[in-house]
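**Q** My structure is in query-v4.cif, and what it holds is mmCIF, C-alpha atoms and all ligand atoms:
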```cif
data_start
loop_
_atom_site.label_atom_id
_atom_site.label_comp_id
_atom_site.auth_asym_id
_atom_site.auth_seq_id
_atom_site.Cartn_x
_atom_site.Cartn_y
_atom_site.Cartn_z
CA MET A 117 -103.67 243.77 194.26
CA ASP A 118 -103.78 243.50 190.45
CA LEU A 119 -103.41 239.75 190.04
CA GLN A 120 -103.28 239.85 186.24
CA ALA A 121 -100.49 242.42 186.25
CA ILE A 122 -98.53 240.38 188.79
CA SER A 123 -99.03 237.21 186.72
CA LYS A 124 -97.57 238.90 183.68
CA THR A 125 -94.75 240.90 185.20
CA GLY A 126 -94.10 239.21 188.51
CA HIS A 127 -90.72 237.84 187.58
CA PHE A 128 -88.21 237.46 190.30
CA THR A 129 -85.91 240.43 190.04
CA LYS A 130 -82.41 239.86 188.73
CA ALA A 131 -81.02 243.30 189.66
CA PHE A 132 -81.96 245.77 192.39
CA LYS A 133 -81.47 249.55 192.40
CA GLU A 134 -78.63 250.32 194.76
CA ASN A 135 -79.23 252.50 197.83
CA VAL A 136 -83.01 252.58 197.47
CA GLU A 137 -84.59 251.54 200.75
CA ILE A 138 -88.06 250.14 201.30
CA PRO A 139 -89.88 252.57 203.64
CA GLN A 140 -89.89 251.24 207.21
CA ALA A 141 -93.71 251.27 207.32
CA GLU A 142 -93.78 248.86 204.36
CA VAL A 143 -91.10 246.66 205.96
CA ASN A 144 -93.20 246.53 209.13
CA LYS A 145 -96.26 245.44 207.15
CA LEU A 146 -94.23 242.67 205.53
CA MET A 147 -92.81 241.51 208.86
CA ASP A 148 -96.36 241.36 210.28
CA PHE A 149 -97.43 239.33 207.27
CA LEU A 150 -94.47 236.98 207.63
CA ARG A 151 -95.16 236.47 211.31
CA SER A 152 -98.74 235.56 210.42
CA SER A 153 -97.65 232.80 208.00
CA ALA A 154 -99.64 229.61 208.34
CA SER A 155 -98.05 226.23 209.00
CA SER A 156 -99.41 222.74 209.53
CA VAL A 157 -100.57 222.26 213.15
CA ASN A 158 -99.37 225.86 213.66
CA ALA A 159 -95.87 224.44 214.19
CA GLN A 160 -94.01 227.58 212.95
CA PRO A 161 -90.81 225.56 212.52
CA TRP A 162 -88.86 228.53 211.20
CA HIS A 163 -86.81 231.56 212.00
CA PHE A 164 -86.23 234.64 209.86
CA VAL A 165 -82.89 236.46 209.88
CA VAL A 166 -83.52 239.92 208.47
CA ALA A 167 -80.42 241.62 207.08
CA ALA A 168 -81.09 245.32 206.57
CA LYS A 169 -77.69 246.87 207.40
CA GLN A 170 -75.24 246.93 204.53
CA GLU A 171 -72.69 245.05 206.63
CA SER A 172 -75.19 242.23 207.22
CA LYS A 173 -76.18 242.02 203.56
CA ASN A 174 -72.49 241.94 202.62
CA ARG A 175 -71.93 239.09 205.06
CA ILE A 176 -74.52 237.04 203.14
CA ALA A 177 -73.35 238.24 199.73
CA ASP A 178 -69.72 237.35 200.48
CA THR A 179 -70.73 233.66 200.62
CA LEU A 180 -72.51 233.75 197.25
CA ASN A 181 -71.43 233.27 193.65
CA PRO A 182 -71.07 236.36 191.42
CA PHE A 183 -74.50 235.68 189.89
CA ASN A 184 -76.43 235.93 193.15
CA GLY A 185 -74.13 238.12 195.29
CA PRO A 186 -75.30 241.48 193.85
CA LYS A 187 -78.93 240.47 194.37
CA VAL A 188 -78.26 240.56 198.09
CA ARG A 189 -75.69 243.37 198.26
CA ASN A 190 -77.87 245.83 196.31
CA ALA A 191 -81.23 244.82 197.78
CA SER A 192 -82.90 246.90 200.46
CA ILE A 193 -83.19 243.90 202.76
CA CYS A 194 -82.42 240.20 202.51
CA ILE A 195 -84.11 237.62 204.67
CA ILE A 196 -82.62 234.22 205.42
CA PHE A 197 -85.56 231.87 205.72
CA CYS A 198 -84.31 229.29 208.23
CA THR A 199 -85.87 225.98 209.20
CA MET A 200 -85.47 223.98 212.41
CA MET A 201 -83.30 220.99 211.61
CA ASP A 202 -85.03 219.12 214.40
CA MET A 203 -87.94 220.28 216.50
CA PRO A 204 -86.43 221.21 219.86
CA ALA A 205 -87.94 219.79 223.04
CA GLY A 206 -90.50 222.22 224.39
CA HIS A 207 -91.20 223.92 221.06
CA LEU A 208 -94.73 222.59 220.61
CA GLU A 209 -95.48 223.39 224.22
CA LYS A 210 -94.32 226.97 223.66
CA VAL A 211 -96.58 227.23 220.60
CA HIS A 212 -99.48 225.82 222.56
CA GLU A 213 -99.00 228.14 225.54
CA LYS A 214 -99.06 231.10 223.13
CA GLU A 215 -102.21 229.77 221.48
CA LYS A 216 -103.84 229.57 224.89
CA ALA A 217 -102.69 233.07 225.84
CA ASP A 218 -104.01 234.39 222.51
CA GLY A 219 -107.45 233.00 223.30
CA ARG A 220 -107.67 230.23 220.74
CA PHE A 221 -109.66 227.82 222.90
CA ALA A 222 -113.08 228.09 224.46
CA THR A 223 -112.41 225.31 226.99
CA ASP A 224 -109.47 223.41 228.48
CA ALA A 225 -110.77 220.24 226.84
CA ILE A 226 -110.60 221.81 223.37
CA ALA A 227 -107.08 223.05 224.14
CA ALA A 228 -105.95 219.60 225.30
CA GLY A 229 -107.52 217.91 222.25
CA TRP A 230 -105.75 220.26 219.87
CA HIS A 231 -102.41 219.81 221.63
CA GLU A 232 -102.78 216.05 221.29
CA ILE A 233 -103.32 216.49 217.52
CA GLN A 234 -100.18 218.64 217.34
CA THR A 235 -97.96 216.25 219.26
CA SER A 236 -99.24 213.10 217.56
CA PHE A 237 -98.78 214.66 214.13
CA ILE A 238 -95.19 215.62 214.87
CA ARG A 239 -94.55 212.15 216.31
CA PHE A 240 -95.98 210.65 213.11
CA ARG A 241 -93.66 212.72 210.90
CA ARG A 242 -90.63 212.03 213.06
CA TYR A 243 -90.99 208.32 213.79
CA ASP A 244 -93.35 206.86 211.15
CA LEU A 245 -92.65 208.88 208.04
CA LYS A 246 -89.15 209.88 209.22
CA ASP A 247 -89.42 213.12 207.30
CA LEU A 248 -89.77 215.71 210.05
CA THR A 249 -86.98 217.98 208.79
CA SER A 250 -88.13 217.88 205.19
CA TRP A 251 -91.74 218.43 206.28
CA MET A 252 -90.67 221.47 208.32
CA GLU A 253 -88.81 222.83 205.32
CA LYS A 254 -91.98 222.50 203.23
CA GLN A 255 -93.67 224.83 205.70
CA THR A 256 -90.88 227.36 205.21
CA TYR A 257 -91.27 227.20 201.42
CA LEU A 258 -94.99 227.88 201.74
CA ALA A 259 -94.29 230.91 203.93
CA ALA A 260 -91.76 232.18 201.39
CA GLY A 261 -94.20 231.82 198.48
CA ALA A 262 -96.94 233.73 200.24
CA PHE A 263 -94.42 236.34 201.39
CA ALA A 264 -93.21 236.95 197.82
CA MET A 265 -96.80 237.48 196.74
CA ALA A 266 -97.42 239.89 199.63
CA ALA A 267 -94.36 241.93 198.65
CA ALA A 268 -95.53 242.05 195.03
CA GLY A 269 -98.88 243.30 196.30
CA LEU A 270 -97.08 246.23 197.93
CA GLY A 271 -95.17 246.97 194.71
CA ILE A 272 -91.91 245.65 196.17
CA ASP A 273 -89.67 243.48 194.00
CA VAL A 274 -88.35 240.16 195.24
CA CYS A 275 -85.67 237.67 194.36
CA MET A 276 -85.95 234.26 195.95
CA MET A 277 -82.70 232.29 195.93
CA GLU A 278 -81.78 228.67 196.42
CA GLY A 279 -78.43 229.29 194.78
CA PHE A 280 -76.23 229.37 197.88
CA GLU A 281 -74.12 227.03 199.98
CA ALA A 282 -76.05 226.35 203.15
CA LYS A 283 -72.94 225.48 205.12
CA LEU A 284 -71.41 228.89 204.40
CA ILE A 285 -74.54 230.88 205.31
CA ASP A 286 -75.14 228.69 208.38
CA ALA A 287 -71.58 229.27 209.58
CA ALA A 288 -71.64 233.02 208.89
CA PHE A 289 -74.72 233.45 211.08
CA GLY A 290 -74.18 230.68 213.65
CA LEU A 291 -77.39 228.95 212.58
CA ARG A 292 -76.35 225.37 213.30
CA GLU A 293 -75.52 226.27 216.90
CA LYS A 294 -79.22 227.07 217.17
CA SER A 295 -80.25 223.85 215.35
CA LEU A 296 -81.37 225.95 212.38
CA GLY A 297 -80.53 225.55 208.73
CA SER A 298 -80.81 228.09 205.90
CA THR A 299 -83.55 227.15 203.44
CA LEU A 300 -83.96 230.15 201.18
CA LEU A 301 -82.72 233.69 200.72
CA VAL A 302 -85.32 236.30 199.85
CA SER A 303 -84.07 239.71 198.76
CA LEU A 304 -86.42 242.68 198.56
CA GLY A 305 -86.08 246.09 197.02
CA TYR A 306 -86.78 247.85 193.76
CA ARG A 307 -85.82 246.43 190.38
CA ASP A 308 -83.15 248.16 188.33
CA GLU A 309 -84.87 247.83 184.98
CA GLU A 310 -81.74 248.70 183.01
CA LYS A 311 -79.55 246.12 184.72
CA ASP A 312 -82.18 243.38 184.98
CA PHE A 313 -81.57 241.22 181.89
CA ALA A 314 -84.91 239.45 182.43
CA PHE A 315 -87.03 242.58 182.72
CA ASN A 316 -88.14 242.71 179.08
CA LEU A 317 -88.24 238.96 178.57
CA PRO A 318 -91.68 237.35 178.32
CA LYS A 319 -92.67 234.89 180.97
CA SER A 320 -92.26 231.29 179.87
CA ARG A 321 -94.42 228.57 181.33
CA LEU A 322 -95.64 225.21 180.03
CA PRO A 323 -99.03 225.34 178.29
CA VAL A 324 -102.28 225.12 180.24
CA GLU A 325 -102.96 221.55 179.08
CA ASP A 326 -99.68 220.35 180.60
CA LEU A 327 -100.22 222.05 183.91
CA PHE A 328 -103.95 221.69 184.60
CA THR A 329 -106.63 219.03 184.60
CA PHE A 330 -110.09 220.55 184.71
CA LEU A 331 -112.78 218.09 185.78
C1 LIG B 1 -87.33 228.34 195.06
C2 LIG B 1 -86.71 229.23 194.01
C3 LIG B 1 -85.33 229.40 194.00
C4 LIG B 1 -84.74 230.27 193.06
N1 LIG B 1 -83.40 230.50 193.12
C5 LIG B 1 -82.86 231.48 192.33
C6 LIG B 1 -81.50 231.87 192.46
O1 LIG B 1 -80.74 231.34 193.29
N2 LIG B 1 -81.06 232.87 191.67
C7 LIG B 1 -81.85 233.49 190.74
O2 LIG B 1 -81.39 234.41 190.06
N3 LIG B 1 -83.14 233.13 190.58
C8 LIG B 1 -83.67 232.15 191.34
N4 LIG B 1 -84.98 231.79 191.21
C9 LIG B 1 -85.78 232.44 190.13
C10 LIG B 1 -86.15 231.44 189.04
O3 LIG B 1 -85.02 230.99 188.37
C11 LIG B 1 -87.13 232.13 188.09
O4 LIG B 1 -88.25 232.54 188.82
C12 LIG B 1 -87.58 231.21 186.97
O5 LIG B 1 -86.49 230.93 186.14
C13 LIG B 1 -88.71 231.81 186.15
O6 LIG B 1 -88.34 233.05 185.66
P1 LIG B 1 -89.30 234.32 185.88
O7 LIG B 1 -89.46 234.47 187.36
O8 LIG B 1 -88.55 235.45 185.25
O9 LIG B 1 -90.57 234.05 185.17
C14 LIG B 1 -85.56 230.93 192.10
C15 LIG B 1 -86.95 230.73 192.12
C16 LIG B 1 -87.52 229.90 193.07
C17 LIG B 1 -89.02 229.72 193.09
#
```
Take the structure in the file and write it out as structure tokens.
**A**
Amino acid sequence: MDLQAISKTGHFTKAFKENVEIPQAEVNKLMDFLRSSASSVNAQPWHFVVAAKQESKNRIADTLNPFNGPKVRNASICIIFCTMMDMPAGHLEKVHEKEKADGRFATDAIAAGWHEIQTSFIRFRRYDLKDLTSWMEKQTYLAAGAFAMAAAGLGIDVCMMEGFEAKLIDAAFGLREKSLGSTLLVSLGYRDEEKDFAFNLPKSRLPVEDLFTFL
């Protein structure tokens, strides 16, 4: 991965080439990467709805404004990054059983100690800080950031979108019935350099002295 090149040109894409599909092998690599996303206490408080069929992308795009709609309609795939709106009973236990099955613990005592950390941390967010939903959504944002970087590393262009009405997306895909909420849309494909108004624009970021403190 050429980090310098990505830093200079890694703008989120404003227009995708129509009818150009990401090869399935590359999609599979990205799905593996997404599944491997890290989250605090390994909570994985998310779900990813992957729209690859045109009909599915249209269903998302139909809820969007004219600025963002084409970024979904013309993309190769669009993923709805969803977050649990509350952590369902049994979720942490399911995570923990999978950790055990995957061989994460040398002894039962280590397994039990870790599970206590998981449950007490979630209890702390829910009852003391009262921010469980917002904390879970932070995990989803982290996964999305790393995912965008992974796609760039494969030479795939991305557009991450917060510009949508959650209630429309949630209704179109029955998310609330599953106690999920839409957090972000992430479209992937290949940039249409002629249609992307931002393609030739320089990146604009605040100067180093505003953004960093070096000690
Ligand atoms: C969380 C997030 C949400 C964003 N939502 C949208 C969006 O809804 N539509 C859009 O065109 N761009 C969206 N962007 C892109 C930003 O507007 C863009 O990255 C920023 O203006 C900097 O421009 P650059 O990426 O070209 O350097 C989003 C970016 C992030 C990180």
**Q** Around ligand LIG 1 (chain B), out to 6 Å and counting only C-alpha atoms and all ligand atoms, which residues are there? I want them as a PyMOL selection string.
**A** chain A and resi 127-128+130+184+276-279+319
**Q** Store the residues picked out above, limited to C-alpha atoms, as a PDB file, in the frame of the given file.
**A**
```
ATOM      1  CA  HIS A 127     -90.720 237.840 187.580  1.00  0.00           C
ATOM      2  CA  PHE A 128     -88.210 237.460 190.300  1.00  0.00           C
ATOM      3  CA  LYS A 130     -82.410 239.860 188.730  1.00  0.00           C
ATOM      4  CA  ASN A 184     -76.430 235.930 193.150  1.00  0.00           C
ATOM      5  CA  MET A 276     -85.950 234.260 195.950  1.00  0.00           C
ATOM      6  CA  MET A 277     -82.700 232.290 195.930  1.00  0.00           C
ATOM      7  CA  GLU A 278     -81.780 228.670 196.420  1.00  0.00           C
ATOM      8  CA  GLY A 279     -78.430 229.290 194.780  1.00  0.00           C
ATOM      9  CA  LYS A 319     -92.670 234.890 180.970  1.00  0.00           C
TER      10      LYS A 319
END
```
**Q** Excluding same-chain residues fewer than 3 positions from stretch 210-214 of chain A, what lies within 12 Å of it counting all atoms listed in the file, as an MDAnalysis selection string?
**A** chainID A and resid 155 157:161 203:207 217:221 224 226:235
**Q** In Å, with one decimal, what is the gap from atom CA of A:Gly185 to atom CA of A:Phe280?
**A**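 So the two atoms, atom CA of A:Gly185 and atom CA of A:Phe280, lie 9.4 Å apart.
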**Q** Using Å and a single decimal, report how far atom CA of A:Ile238 sits from atom CA of A:Leu258.
**A**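 Between atom CA of A:Leu258 and atom CA of A:Ile238 the gap is 18.0 Å.
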**Q** If we draw a sphere of 12 Å around (-80.2, 231.2, 214.5), which residues have at least one atom in it when counting all atoms listed in the file? Please report them as a PyMOL selection string.
**A** chain A and resi 162-166+196-201+285-298
**Q** Counting all atoms listed in the file, which residues have an atom no more than 10 Å from (-77.0, 242.2, 197.8) in the file's coordinates? Please list them as a count of residues only.
**A** 27
**Q** Skipping near chain neighbours, those fewer than 4 positions away, what residues fall within 12 Å of A:Ile122 using only C-alpha atoms, listed as a list in words?
**A**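 Everything that qualifies: Met117, Asp118, Gly126, His127, Phe128, Ala264, Met265, Ala266, Ala267, Ala268, Gly269, Leu270, Gly271, Ile272, Asp273 and Lys319 of chain A.
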**Q** Work out how far atom CA of A:Phe240 is from atom CA of A:Leu208, in Å to one decimal.
**A**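 So the two atoms, atom CA of A:Leu208 and atom CA of A:Phe240, lie 14.2 Å apart.
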**Q** From the options A:Val274, A:Leu317, A:Ala154, A:Ala282, which residue's atoms come nearest to A:Lys133, counting all atoms listed in the file?
**A**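 Looking at the shortest contact to A:Lys133, the residue is A:Val274.
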**Q** Taking all atoms listed in the file into account, name the residue in A:Ser236, A:Ser250, A:Thr129, A:Ser123 that is nearest to A:Phe313.
**A**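 So, comparing all the options, the nearest one is A:Thr129.
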**Q** From the set A:Ala141, A:Val136, A:Leu119, A:Leu300, which residue has the shortest atom-to-atom contact distance to A:Thr256, counting all atoms listed in the file?
**A**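 Nearest candidate to A:Thr256 out of A:Ala141, A:Val136, A:Leu119, A:Leu300: A:Leu300.
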